[in-house]
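S.K.: Sending over entry_12.txt (compact mmCIF, C-alpha atoms).
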```
# COMPACT_ATOMS: atom_id res chain seq x y z
CA MET A 1418 8.97 -17.84 1.99
CA ALA A 1419 9.73 -15.24 -0.67
CA LYS A 1420 9.88 -11.53 -0.07
CA ARG A 1421 6.74 -9.61 -0.96
CA LEU A 1422 5.77 -6.11 -1.95
CA GLN A 1423 3.39 -4.38 0.47
CA VAL A 1424 1.81 -0.96 0.65
CA ARG A 1425 3.30 1.15 3.42
CA GLU A 1426 1.31 0.70 6.61
CA GLY A 1427 -1.55 3.20 6.89
CA LEU A 1428 -0.73 4.90 3.59
CA ILE A 1429 -4.06 4.30 1.85
CA THR A 1430 -6.01 5.70 4.81
CA ARG A 1431 -3.67 8.71 5.12
CA LEU A 1432 -4.07 9.48 1.40
CA ARG A 1433 -7.85 9.25 1.71
CA GLU A 1434 -7.75 11.72 4.61
CA LEU A 1435 -5.19 14.05 2.99
CA TYR A 1436 -7.19 14.29 -0.24
CA ARG A 1437 -10.46 14.53 1.73
CA THR A 1438 -11.92 11.57 -0.09
CA PRO A 1439 -15.26 10.94 1.65
CA SER A 1440 -15.19 7.14 1.66
CA GLU A 1441 -13.33 4.01 0.73
CA ASP A 1442 -15.79 3.58 -2.17
CA ALA A 1443 -14.96 7.04 -3.49
CA GLN A 1444 -11.25 6.35 -3.19
CA ALA A 1445 -11.64 3.08 -5.09
CA ARG A 1446 -13.52 4.85 -7.89
CA LEU A 1447 -10.89 7.62 -7.99
CA MET A 1448 -8.15 4.99 -8.38
CA GLY A 1449 -10.14 2.81 -10.77
CA VAL A 1450 -9.95 -0.27 -8.52
CA SER A 1451 -12.46 -2.17 -6.42
CA ARG A 1452 -13.07 -1.44 -2.76
CA SER A 1453 -12.29 -5.09 -2.00
CA SER A 1454 -8.88 -4.64 -3.65
CA ILE A 1455 -8.12 -1.72 -1.35
CA ARG A 1456 -9.14 -3.75 1.69
CA ARG A 1457 -7.05 -6.77 0.66
CA ILE A 1458 -3.98 -4.61 0.00
CA GLU A 1459 -4.41 -2.80 3.34
CA ALA A 1460 -4.60 -6.22 5.04
CA GLY A 1461 -1.16 -7.09 3.65
CA GLU A 1462 -1.91 -8.91 0.40
CA GLN A 1463 0.63 -8.35 -2.33
CA PRO A 1464 -0.67 -5.72 -4.77
CA SER A 1465 -1.11 -6.42 -8.46
CA ALA A 1466 0.80 -4.41 -11.04
CA ASP A 1467 -2.47 -2.68 -11.96
CA PHE A 1468 -3.02 -1.62 -8.34
CA ILE A 1469 0.55 -0.30 -8.04
CA VAL A 1470 0.12 1.78 -11.19
CA ALA A 1471 -3.32 3.04 -10.10
CA LEU A 1472 -2.11 4.18 -6.68
CA CYS A 1473 1.06 5.80 -8.01
CA GLU A 1474 -0.69 7.61 -10.88
CA THR A 1475 -3.66 8.74 -8.77
CA TYR A 1476 -1.52 10.25 -6.02
CA GLY A 1477 1.61 11.20 -7.98
CA MET A 1478 3.86 8.87 -6.02
CA GLY A 1479 6.71 6.62 -7.03
CA PRO A 1480 6.58 2.92 -6.17
CA GLY A 1481 9.37 3.37 -3.63
CA GLU A 1482 7.33 5.99 -1.78
CA ALA A 1483 4.20 3.86 -1.60
CA PHE A 1484 5.48 0.31 -1.18
CA VAL A 1485 8.05 -1.64 0.84
CA ILE A 1486 9.63 -5.04 0.35
CA ALA A 1487 8.49 -7.20 3.25
CA ASP A 1488 10.24 -10.33 4.42
CA PRO A 1489 7.73 -12.67 6.11
CA GLU A 1490 10.61 -14.62 7.66
CA ALA A 1491 12.09 -11.54 9.33
CA ASN A 1492 11.31 -10.65 12.90
CA THR A 1493 7.99 -8.79 13.09
CA ALA A 1494 9.83 -5.81 14.57
CA GLN A 1495 11.88 -5.50 11.38
CA GLN A 1496 11.04 -4.59 7.81
CA ASN A 1497 13.22 -5.44 4.86
CA VAL A 1498 13.59 -2.43 2.61
CA HIS A 1499 15.87 -2.76 -0.41
CA GLY A 1500 17.70 -5.63 1.25
CA LEU A 1501 18.46 -3.70 4.45
CA LYS A 1502 16.87 -4.81 7.71
CA LEU A 1503 15.62 -1.85 9.68
CA SER A 1504 14.61 -2.20 13.32
CA ALA A 1505 11.26 -0.70 14.29
```
I'd like the structure from this file rewritten - as structure tokens, please.
M.R.:
Amino acid sequence: MAKRLQVREGLITRLRELYRTPSEDAQARLMGVSRSSIRRIEAGEQPSADFIVALCETYGMGPGEAFVIADPEANTAQQNVHGLKLSA
């Protein structure tokens, strides 16, 4: 299976809390995406280019700060980031 881009675990929730966004709906409106998109991305679905841009522009982050390259074939205790396997 191919490597995939995923949002860093817990990032969307932490950003909502940090920016005191009252709800997932409000966060979705702030980003210009649907609430269902946020939920799918948080569940591990690969984000679309539009979602990546929306998150990065809304929160002033670079893609490397917000996303990781995940290898579904790697051990679940490891994440593949820029081709390097890091143990959890």
S.K.: How many Å lie between atom CA of Phe1484 of chain A and atom CA of Ile1469 of chain A, rounded to one decimal?
M.R.: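 The value is 8.5 Å.
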S.K.: For Gly1427 of chain A, please output as a ChimeraX atom specification all residues within 12 Å (counting all atoms listed in the file; exclusion window: fewer than 2 positions along the same chain).
M.R.: /A:1423-1425,1429-1434,1455-1456,1458-1461,1483-1484
S.K.: Atom CA of Asp1488 of chain A and atom CA of Glu1474 of chain A, how far apart in Å?
M.R.: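 Computed distance, atom CA of Glu1474 of chain A to atom CA of Asp1488 of chain A, equals 26.0 Å.
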S.K.: Please compute the atom CA of Leu1422 of chain A-atom CA of Asp1467 of chain A distance, one decimal, in Å.
M.R.: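 For atom CA of Leu1422 of chain A relative to atom CA of Asp1467 of chain A, the distance reads 13.4 Å.
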S.K.: Within 10 Å of Gly1449 of chain A, counting only C-alpha atoms, which residues show up once you throw out same-chain ones fewer than 5 positions away? Write them as JSON, numbers by chain, please.
M.R.: {"A": [1443, 1444, 1467, 1468, 1471, 1472, 1475]}
S.K.: Go ahead and write the selection's residues with C-alpha atoms as a PDB file, in the coordinates of the input.
M.R.:
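Below is the file that was written, again-v4.pdb:
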```
ATOM      1  CA  ALA A1443     -14.960   7.040  -3.490  1.00  0.00           C
ATOM      2  CA  GLN A1444     -11.250   6.350  -3.190  1.00  0.00           C
ATOM      3  CA  ASP A1467      -2.470  -2.680 -11.960  1.00  0.00           C
ATOM      4  CA  PHE A1468      -3.020  -1.620  -8.340  1.00  0.00           C
ATOM      5  CA  ALA A1471      -3.320   3.040 -10.100  1.00  0.00           C
ATOM      6  CA  LEU A1472      -2.110   4.180  -6.680  1.00  0.00           C
ATOM      7  CA  THR A1475      -3.660   8.740  -8.770  1.00  0.00           C
TER       8      THR A1475
END
```
S.K.: Centre and edge lengths of an axis-aligned box around all listed atoms of segment 1437-1453 of chain A, with 6 Å added on each side, are to be given in Å to one decimal, as JSON.
M.R.:
```
{"center_x": -12.0, "center_y": 4.7, "center_z": -4.5, "size_x": 19.6, "size_y": 31.6, "size_z": 24.5}
```
